[in-house]
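Colleague: Following this message is one structure expressed as structure tokens.
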Amino acid sequence: MAASYTSCDKPKTRTKTVSLTIGVLCAALAVPGLSWATEDLPKESVLPSALAAKAVQAAIEHCKKDGYRVSASVVDRSGLLRSMTRADGAGPHTIDSSRKKAYTAVSLRRPTGELADMISKTPTLQALRDMNEQILMVGGGLPIEIGGEVVGGIGVGGAPGAHLDDACAEAGLDAIGAAPKVPTGK
């Protein structure tokens with residue numbers, strides 16, 4: 001036989017069910033071992049989009065004052081694009097080169113010019129260039145390090161020389177207070 005309820009019984013049953021559910025949830029949250037998952041999650045700093053845009057603009061302006069038309073890109077610690085600008089008159093290839101340099105710098109956590117020198121001197125490391133299609137081992141990419149933590153990468157493409165791309169990328173780092181990456185002798 002099916003149970004029958006009067007209109008007065010239904011709200012009491014719902015109230016008891018809701019109260020029981022809330023009680024079980026509260027008890028589960030109070031168990032000490034259940035909160036460990038959130039405490040063990042890694043904490044990572046995120047490069048704010050405003051800082052990424054500021055670094056890109058500073059790099060573009062530095063190159064512009066020297067007469068170079070470039071593109072500049074900033075990626076986050078995962079290599080995902082945060083900001084990119086192509087200066088007026090910069091070649092279309094500079095868009096990809098700046099992004100790939102930024103990606104390479106953050107992925108390998110080293111300046112791309114340093115990586116290019118390293119693989120030219122050590123033939124067994126040549127395979128680093130072929131890790132994936134996003135890697136570009138040419139100067140102009142620098143890791144963005146703030147507070148001792150790599151939070152992204154900046155890449156510049158289009159100046160007539162990798163050392164000039166490096167100088168423009170360094171101007172982007174300077175603009176946001178990131179640790180310098182290019183040796184002062186260059």
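Just remember, in the structure tokens the first chain shown is A, the second B, etc., residues are 1-based per chain, and ligands are 1-based in the order shown.
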Name all residues at most 6 Å from A:Thr112 (count only C-alpha atoms; drop same-chain ones fewer than 6 positions away) and give them as a list in words.

Modeller: Ala105, Met137, Val138, Gly139 and Gly141 of chain A

Colleague: Hey, can you spit out that residue selection with C-alpha atoms as a tab-separated table (two decimals), in the first residue's frame?

Modeller:
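Wrote selection31.tsv, looks like this:
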chain	number	residue	atom	x	y	z
A	105	ALA	CA	61.88	31.34	-21.77
A	137	MET	CA	65.83	28.98	-29.52
A	138	VAL	CA	66.70	32.52	-30.59
A	139	GLY	CA	67.56	35.46	-28.34
A	141	GLY	CA	62.93	35.69	-24.73

Colleague: Could you check the closest approach to A:Arg82 for each of A:Ala102, A:Val70, A:Lys64, A:Ala116 and tell me which residue wins, using only C-alpha atoms?

Modeller: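 Closest residue, counting only C-alpha atoms: A:Ala102.
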
Colleague: Could you pull out all residues of stretch 14-175 of chain A with a DSSP call of strand (DSSP E or B) and give them as a PyMOL selection string?

Modeller: chain A and resi 71-76+81-86+141-146+149-157

Colleague: Mind pulling up the distance from atom CA of A:Gly79 to atom CA of A:Leu173?

Modeller: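 That distance, rounded to one decimal, is 16.7 Å.
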
Colleague: Rank A:Ser71, A:Val46, A:Ser78, A:Ser107 by their smallest atom-to-atom distance to A:Ala90, using only C-alpha atoms, and report the top residue only.

Modeller: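 The answer is A:Ser71, which sits nearest to A:Ala90.
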
Colleague: If you count only C-alpha atoms, which residues fall within 6 Å of stretch 143-147 of chain A, apart from same-chain ones fewer than 3 positions away, as a list in words?

Modeller: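 The residues satisfying every condition are Ala105, Val106, Arg109, Val150, Val151, Gly152, Gly153, Ala178 and Ala179 of chain A.
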
Colleague: Name the residues of stretch 95-144 of chain A that come out as helix (DSSP H, G or I) in a backbone DSSP run; write them as number ranges by chain.

Modeller: A: 95-108, 112-121, 123-130

Colleague: Skipping near chain neighbours, those fewer than 2 positions away, what residues fall within 8 Å of A:Ser45 using only C-alpha atoms, listed as a VMD selection string?

Modeller: chain A and resid 43 47 149 151

Colleague: Identify which of the residues A:Thr124, A:Ser83, A:Asn132, A:Ser73 lies closest to A:Ser97, counting only C-alpha atoms when measuring atom-to-atom distances.

Modeller: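 The shortest atom-to-atom distance to A:Ser97 comes from A:Ser73.
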
Colleague: Smallest atom-to-atom distance to A:Gly148: which of A:Ala53, A:Thr85, A:Lys101, A:Pro180, using only C-alpha atoms?

Modeller: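 Closest to A:Gly148, using only C-alpha atoms: A:Pro180.
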
Colleague: List the neighbours of A:Leu51 out to 10 Å using only C-alpha atoms; skip same-chain residues closer than 3 positions along the sequence, and give me the result as a CSV table (one decimal) with C-alpha atoms, in the first residue's frame.

Modeller:
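Contents of around_24.csv, as written:
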chain,number,residue,atom,x,y,z
A,47,LEU,CA,51.1,37.4,-13.3
A,48,PRO,CA,48.3,40.0,-13.4
A,54,LYS,CA,52.8,47.1,-19.0
A,55,ALA,CA,55.8,44.9,-19.8
A,56,VAL,CA,54.7,44.5,-23.4
A,57,GLN,CA,54.2,48.2,-23.8
A,74,VAL,CA,54.0,37.9,-22.4
A,82,ARG,CA,48.6,37.1,-21.3
A,83,SER,CA,49.4,40.1,-23.5
A,172,GLY,CA,59.7,45.2,-20.2
A,173,LEU,CA,61.1,43.4,-17.1
A,175,ALA,CA,59.0,48.3,-16.1
A,176,ILE,CA,57.3,45.8,-13.9
A,177,GLY,CA,60.1,45.4,-11.3

Colleague: Tell me which protein, DNA and RNA residues are within 8 Å of A:Ala59, counting only C-alpha atoms, leaving out same-chain ones fewer than 5 positions away, and put them as a count of residues only.

Modeller: 7

Colleague: Check the smallest atom-to-atom distance from each of A:Cys63, A:Val75, A:Leu136, A:Leu125 to A:His163 using only C-alpha atoms, then report the winner.

Modeller: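 Once distances to A:His163 are computed over only C-alpha atoms, the minimum belongs to A:Cys63.
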